[in-house]
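**Q** Dropping a structure here in structure tokens format, bear with me for questions.
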Amino acid sequence: MSILIKNATIITMDDKVGTIQGSVLVDNGIIKEVIPHYPGSEPPIRAKETIDGSEMIVIPGMTNAHYHSYSNMLKGTTSHLPLEIWSLYTTAYGHSLDDDDIYNAVLLGVIEMIKSGVTSCIDHFPHVKRSEAALKAYEDSSIRVGFAPMMHDIPDHHFLPVELPISLKRKLDDISPVIVNEMKALYESLLNNWHQKNNKIKILLGPNAPQRCSKEMLALCKHLSEQEGAFIHTHLLETRIQKDIADVKFPGGIIGRLQEQQLLSRKLSAAHSIWLEVDEVDILAKHGVSLIHNPVSNMMLGSGRADISSYLQAGINLALGTDSSNCGITHNLFEAMRFAVMHSRHEQSNFKEWLKPIDVFKMATIGGAYLLGEEKQRGKIKQGYEADIVLLTRKSPTFAVDADIISQIVYYESGTSIESVMIRGEWVLKNRKIISFDEKAILQSVKDKYESLIEKSQSSLQLAEECEPHFSKMYYKFHHNLEEGNV
């Protein structure tokens, strides 16, 4: 189907073209032409559908490059704790999610993302045995996804210096992770049945974090990546305690562990990446690793401030993510862009290194497409690229004045100006209404199931509450020693 958006303001994200006035012709899911012209002087092009863009701004669809869909069912639960303690609770609630909950959680997040101009996401998915339910929801949603089931066979209480009573340790050990052979079979099934399905679903290898995977699990990750050409997505050095313990446990620390397993490459993307040293940044840059900045969740969990400006200067590709709903965030990249700019200014006296609006807008568009190997397919409004396009109306407070348009988007937009969204030439939001699936039915289903989900979580929550004092003691002891200079 051919679609013409005429007389619009087009933010192409193509350095050679920039922001222009003109028209965009989409045909069969591909941007056939980007035509610069003065308002009202468009060439006579015929299309099956023509949209008057004279009061519209056209931007590329954005990529939420680090995201956990299951968390959408857990909004309003425990969100006032640092990561190592918070993880006890998100894990406890997660044990109670069934296939219907996962299906609802995926589509609940898709509603939020599409309405804020996100056309692609990377879902780092912990509940690997419910992957089919999640992928069915993604297929029904029409959004793009890099789906990364978590590889994880070393629990935190085996890595962290937490002192647990034997009875509690046994209870935690009884929650068996998926072992290497099971993970291999699961991934082979997903790669055979879902990878590249509908040109919108990619299966990624998803090690939870290098310290949470045995050498055998990391070796499986490398093997599958080489065999299938799959990209890899992981958490990396999210907190100071992870950094300092890993530096003692592994020669060369976490980065050394990744090097040893030969996992540093163009195919690897790493979320958070807060506690990196200068030489580690250089190593990642040398190997072409992409990093994903999660400014809102980093602040909400008190994890620290990533030195994103130095990563940019090192030539690292950067993208933006939102992380988990239940640490108190929305899946809105306009929010993430604004916080990323503010984050770079916090405790940074050299204002020349502050991030600019164009820096974070590139992360949300070009950067996200790059880490999925799709930088020559998405992230720009450019001839031959796939038509992931977002239409914003100028009839909103954000654009009431006519100033620098990218600054206005980053500083003032929240998604309320978005009118329509297409993914690969297919409308998924039209005139502010989701049209790829029944939004009302999903919202009602979530409401209907929420109470039973909380009830099912009680035994797991009790275990989390029993463990919390011991994890809190570890956390306070570590940070006290840090302040005293004993770490």
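Residues in the structure tokens are named by chain (A, B, ... in the order shown) and by number from 1 within that chain; ligands are numbered from 1 in the order shown.
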Applying 7 Å and only C-alpha atoms, which residues near Ile232 of chain A remain after dropping the ones on its own chain fewer than 5 positions away? List them as a short mmCIF file (atom, residue, chain, number, x, y, z; two decimals) with N, CA, C and O atoms, in the first residue's frame.

**A**
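The resulting out_2.cif:
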```cif
data_model
loop_
_atom_site.label_atom_id
_atom_site.label_comp_id
_atom_site.auth_asym_id
_atom_site.auth_seq_id
_atom_site.Cartn_x
_atom_site.Cartn_y
_atom_site.Cartn_z
N LEU A 204 17.46 -12.61 20.38
CA LEU A 204 18.79 -12.24 20.84
C LEU A 204 19.20 -13.18 21.97
O LEU A 204 18.35 -13.70 22.69
N LEU A 205 20.49 -13.37 22.13
CA LEU A 205 21.01 -14.10 23.28
C LEU A 205 21.06 -13.13 24.46
O LEU A 205 21.55 -12.02 24.31
N GLY A 206 20.55 -13.57 25.61
CA GLY A 206 20.35 -12.62 26.70
C GLY A 206 20.99 -12.98 28.03
O GLY A 206 20.26 -13.11 29.03
N LYS A 267 28.40 -7.42 18.05
CA LYS A 267 27.09 -8.01 18.31
C LYS A 267 26.61 -7.81 19.74
O LYS A 267 25.45 -8.11 20.04
N LEU A 268 27.48 -7.33 20.63
CA LEU A 268 27.13 -7.21 22.05
C LEU A 268 26.61 -5.83 22.38
O LEU A 268 27.21 -4.81 22.03
N SER A 269 25.47 -5.78 23.08
CA SER A 269 24.98 -4.54 23.66
C SER A 269 24.81 -4.74 25.16
O SER A 269 24.37 -5.80 25.60
#
```

**Q** Got a sec: who's within 10 Å of Val110 of chain A, counting only C-alpha atoms, leaving out chain neighbours fewer than 5 positions off, as a tab-separated table (two decimals) with N, CA, C and O atoms, in the first residue's frame?

**A**
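The file below, result11.tsv, is the result:
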```tsv
chain	number	residue	atom	x	y	z
A	69	SER	N	9.50	-6.59	29.86
A	69	SER	CA	8.04	-6.51	29.68
A	69	SER	C	7.26	-7.03	30.88
A	69	SER	O	6.20	-6.49	31.21
A	72	ASN	N	5.52	-4.81	33.63
A	72	ASN	CA	4.32	-3.99	33.43
A	72	ASN	C	3.16	-4.44	34.32
A	72	ASN	O	2.27	-3.65	34.62
A	104	ASN	N	-0.50	-10.32	28.65
A	104	ASN	CA	-1.03	-9.01	29.00
A	104	ASN	C	0.08	-8.00	29.26
A	104	ASN	O	0.00	-6.83	28.86
A	105	ALA	N	1.13	-8.46	29.96
A	105	ALA	CA	2.24	-7.55	30.29
A	105	ALA	C	2.90	-7.01	29.03
A	105	ALA	O	3.21	-5.82	28.94
A	115	LYS	N	2.33	4.63	21.93
A	115	LYS	CA	1.75	5.96	22.14
A	115	LYS	C	2.80	7.02	22.44
A	115	LYS	O	2.49	8.21	22.46
A	116	SER	N	4.04	6.59	22.68
A	116	SER	CA	5.12	7.56	22.86
A	116	SER	C	6.18	7.41	21.77
A	116	SER	O	7.34	7.79	21.96
A	118	VAL	N	7.60	4.80	20.18
A	118	VAL	CA	8.56	3.69	20.15
A	118	VAL	C	8.02	2.63	19.19
A	118	VAL	O	6.90	2.15	19.35
A	119	THR	N	8.83	2.26	18.22
A	119	THR	CA	8.41	1.26	17.22
A	119	THR	C	9.21	-0.04	17.34
A	119	THR	O	8.93	-1.00	16.62
A	120	SER	N	10.20	-0.07	18.23
A	120	SER	CA	11.03	-1.25	18.41
A	120	SER	C	11.54	-1.28	19.84
A	120	SER	O	11.75	-0.24	20.46
A	121	CYS	N	11.73	-2.50	20.37
A	121	CYS	CA	12.27	-2.61	21.73
A	121	CYS	C	13.16	-3.85	21.83
A	121	CYS	O	13.06	-4.77	21.01
A	137	ALA	N	2.32	-12.50	21.93
A	137	ALA	CA	1.83	-11.13	22.14
A	137	ALA	C	2.55	-10.15	21.22
A	137	ALA	O	1.91	-9.25	20.64
A	138	TYR	N	3.85	-10.31	21.07
A	138	TYR	CA	4.58	-9.41	20.16
A	138	TYR	C	4.09	-9.59	18.72
A	138	TYR	O	3.92	-8.61	17.98
A	141	SER	N	0.95	-7.73	18.31
A	141	SER	CA	1.05	-6.28	18.53
A	141	SER	C	1.51	-5.50	17.31
A	141	SER	O	1.25	-4.31	17.18
A	142	SER	N	2.28	-6.14	16.42
A	142	SER	CA	2.90	-5.53	15.24
A	142	SER	C	4.12	-4.67	15.55
A	142	SER	O	4.72	-4.09	14.65
A	143	ILE	N	4.53	-4.56	16.82
A	143	ILE	CA	5.75	-3.82	17.14
A	143	ILE	C	6.96	-4.70	16.81
A	143	ILE	O	6.86	-5.92	16.72
A	144	ARG	N	8.10	-4.08	16.60
A	144	ARG	CA	9.34	-4.81	16.42
A	144	ARG	C	9.92	-5.18	17.79
A	144	ARG	O	9.83	-4.40	18.73
A	331	HIS	N	7.61	3.71	30.17
A	331	HIS	CA	8.34	3.28	28.97
A	331	HIS	C	8.19	4.35	27.89
A	331	HIS	O	7.66	4.11	26.81
A	434	ILE	N	-4.89	2.98	19.15
A	434	ILE	CA	-4.22	1.74	18.79
A	434	ILE	C	-5.13	0.95	17.86
A	434	ILE	O	-6.30	0.70	18.18
A	439	GLU	N	-6.97	-2.47	22.60
A	439	GLU	CA	-6.38	-1.86	23.80
A	439	GLU	C	-7.30	-2.01	25.01
A	439	GLU	O	-6.86	-2.38	26.12
```

**Q** Which of these, A:Met62, A:Ala306, A:Ile454, A:Ile5, has the shortest distance to His346 of chain A once you count only C-alpha atoms?

**A**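 Counting only C-alpha atoms, the residue closest to His346 of chain A is A:Ala306.
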
**Q** May I ask which of the residues A:Glu216, A:Asp99, A:Glu277, A:Glu260 is the closest one to Glu132 of chain A, counting only C-alpha atoms?

**A**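 Under the stated criterion, the closest residue is A:Asp99.
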
**Q** As a PyMOL selection string, please: all residues of segment 171-416 of chain A that backbone DSSP puts in strand (DSSP E).

**A** chain A and resi 201-203+206-207+232-236+268-272+290-293+318-320+389-393

**Q** So, with only C-alpha atoms as the atoms that count, which of A:Phe399, A:Tyr93, A:Trp354, A:Phe147 lies closest to Glu55 of chain A?

**A**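 When distances to Glu55 of chain A are compared using only C-alpha atoms, the smallest one comes from A:Phe399.
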
**Q** Rounded to one decimal, what separation in Å do you get between atom CA of Asp323 of chain A and atom CA of Asp359 of chain A?

**A**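 According to the coordinates, atom CA of Asp323 of chain A and atom CA of Asp359 of chain A are separated by 20.1 Å.
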
**Q** List as a list in words the protein and nucleic acid residues near segment 29-37 of chain A, meaning an atom at most 8 Å away when only C-alpha atoms are counted, but skip any in the same chain fewer than 3 places from it.

**A**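 Counting only C-alpha atoms, the residues come to Met1, Asn7, Ile20, Gln21, Gly22, Ser23, Val24, Leu25, Val26, Ser41, Glu42, Ile381, Lys382, Gln383, Gly384, Tyr385, Glu386, Ala387, Ile423, Arg424, Gly425 and Glu426 of chain A.
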
**Q** Selection from above, C-alpha atoms, as a short mmCIF file (atom, residue, chain, number, x, y, z; two decimals), in the first residue's frame, can you write it?

**A**
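Okay, this is what ended up in out.cif:
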```cif
data_model
loop_
_atom_site.label_atom_id
_atom_site.label_comp_id
_atom_site.auth_asym_id
_atom_site.auth_seq_id
_atom_site.Cartn_x
_atom_site.Cartn_y
_atom_site.Cartn_z
CA MET A 1 0.00 0.00 0.00
CA ASN A 7 3.87 19.24 3.24
CA ILE A 20 13.47 19.71 5.91
CA GLN A 21 10.06 20.76 4.68
CA GLY A 22 8.65 18.29 2.21
CA SER A 23 6.84 15.01 1.62
CA VAL A 24 7.46 11.32 2.33
CA LEU A 25 6.21 8.56 0.04
CA VAL A 26 5.88 5.08 1.53
CA SER A 41 4.47 23.09 -3.85
CA GLU A 42 4.64 19.31 -3.58
CA ILE A 381 13.59 9.02 7.33
CA LYS A 382 15.58 8.09 4.24
CA GLN A 383 14.94 6.56 0.84
CA GLY A 384 15.17 2.77 0.99
CA TYR A 385 14.74 2.58 4.77
CA GLU A 386 11.83 0.74 6.32
CA ALA A 387 8.90 3.01 7.11
CA ILE A 423 5.77 0.30 11.64
CA ARG A 424 7.12 -0.99 8.34
CA GLY A 425 4.44 0.98 6.52
CA GLU A 426 1.59 -0.42 8.63
#
```

**Q** Quick one: pick out all helix (DSSP H, G or I) residues within segment 237-320 of chain A from a backbone DSSP run and write them as an NGL selection string.

**A** :A and (240-249 or 253-260 or 278-286 or 295-300 or 308-313)

**Q** I need the residues from that last selection saved to file as a PDB file, in the first residue's frame (with C-alpha atoms), if you can.

**A**
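The result, stored in out_14.pdb:
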```pdb
ATOM      1  CA  ARG A 240      29.277  -0.276  42.607  1.00  0.00           C
ATOM      2  CA  ILE A 241      28.999  -3.472  44.634  1.00  0.00           C
ATOM      3  CA  GLN A 242      28.945  -5.525  41.409  1.00  0.00           C
ATOM      4  CA  LYS A 243      32.066  -3.726  40.196  1.00  0.00           C
ATOM      5  CA  ASP A 244      34.120  -4.149  43.355  1.00  0.00           C
ATOM      6  CA  ILE A 245      33.207  -7.783  43.992  1.00  0.00           C
ATOM      7  CA  ALA A 246      33.778  -8.746  40.344  1.00  0.00           C
ATOM      8  CA  ASP A 247      37.190  -7.074  40.368  1.00  0.00           C
ATOM      9  CA  VAL A 248      38.181  -9.436  43.194  1.00  0.00           C
ATOM     10  CA  LYS A 249      36.488 -12.591  41.845  1.00  0.00           C
ATOM     11  CA  GLY A 253      36.954  -7.929  36.433  1.00  0.00           C
ATOM     12  CA  ILE A 254      33.691  -8.192  34.498  1.00  0.00           C
ATOM     13  CA  ILE A 255      35.216  -6.847  31.279  1.00  0.00           C
ATOM     14  CA  GLY A 256      38.025  -9.370  31.631  1.00  0.00           C
ATOM     15  CA  ARG A 257      35.439 -12.130  32.034  1.00  0.00           C
ATOM     16  CA  LEU A 258      33.744 -11.067  28.793  1.00  0.00           C
ATOM     17  CA  GLN A 259      37.113 -10.896  27.035  1.00  0.00           C
ATOM     18  CA  GLU A 260      38.079 -14.336  28.299  1.00  0.00           C
ATOM     19  CA  VAL A 278      38.624   4.523  31.483  1.00  0.00           C
ATOM     20  CA  ASP A 279      40.626   1.558  30.198  1.00  0.00           C
ATOM     21  CA  GLU A 280      37.473  -0.596  30.184  1.00  0.00           C
ATOM     22  CA  VAL A 281      35.656   2.016  28.091  1.00  0.00           C
ATOM     23  CA  ASP A 282      38.536   1.911  25.621  1.00  0.00           C
ATOM     24  CA  ILE A 283      38.341  -1.903  25.427  1.00  0.00           C
ATOM     25  CA  LEU A 284      34.600  -1.812  24.732  1.00  0.00           C
ATOM     26  CA  ALA A 285      35.066   0.886  22.089  1.00  0.00           C
ATOM     27  CA  LYS A 286      37.855  -1.101  20.413  1.00  0.00           C
ATOM     28  CA  PRO A 295      19.021   7.274  33.223  1.00  0.00           C
ATOM     29  CA  VAL A 296      15.652   7.057  34.977  1.00  0.00           C
ATOM     30  CA  SER A 297      16.012   3.575  36.462  1.00  0.00           C
ATOM     31  CA  ASN A 298      19.649   4.296  37.376  1.00  0.00           C
ATOM     32  CA  MET A 299      18.421   7.178  39.511  1.00  0.00           C
ATOM     33  CA  MET A 300      15.347   5.403  40.880  1.00  0.00           C
ATOM     34  CA  ILE A 308      27.850   8.981  28.951  1.00  0.00           C
ATOM     35  CA  SER A 309      29.805  11.944  27.575  1.00  0.00           C
ATOM     36  CA  SER A 310      33.067  10.000  27.889  1.00  0.00           C
ATOM     37  CA  TYR A 311      31.489   6.993  26.165  1.00  0.00           C
ATOM     38  CA  LEU A 312      30.465   9.229  23.275  1.00  0.00           C
ATOM     39  CA  GLN A 313      33.956  10.695  23.065  1.00  0.00           C
TER      40      GLN A 313
END
```

**Q** Looking at only C-alpha atoms, which of A:Leu4, A:Ile111, A:Val428, A:Val178 is the one that sits closest to Lys440 of chain A?

**A**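 Closest to Lys440 of chain A, using only C-alpha atoms: A:Ile111.
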
**Q** Can you list, as a PyMOL selection string, every protein, DNA or RNA residue that comes within 6 Å of Ala319 of chain A when you count only C-alpha atoms, leaving out same-chain residues fewer than 2 positions away?

**A** chain A and resi 292+363-364+367-368
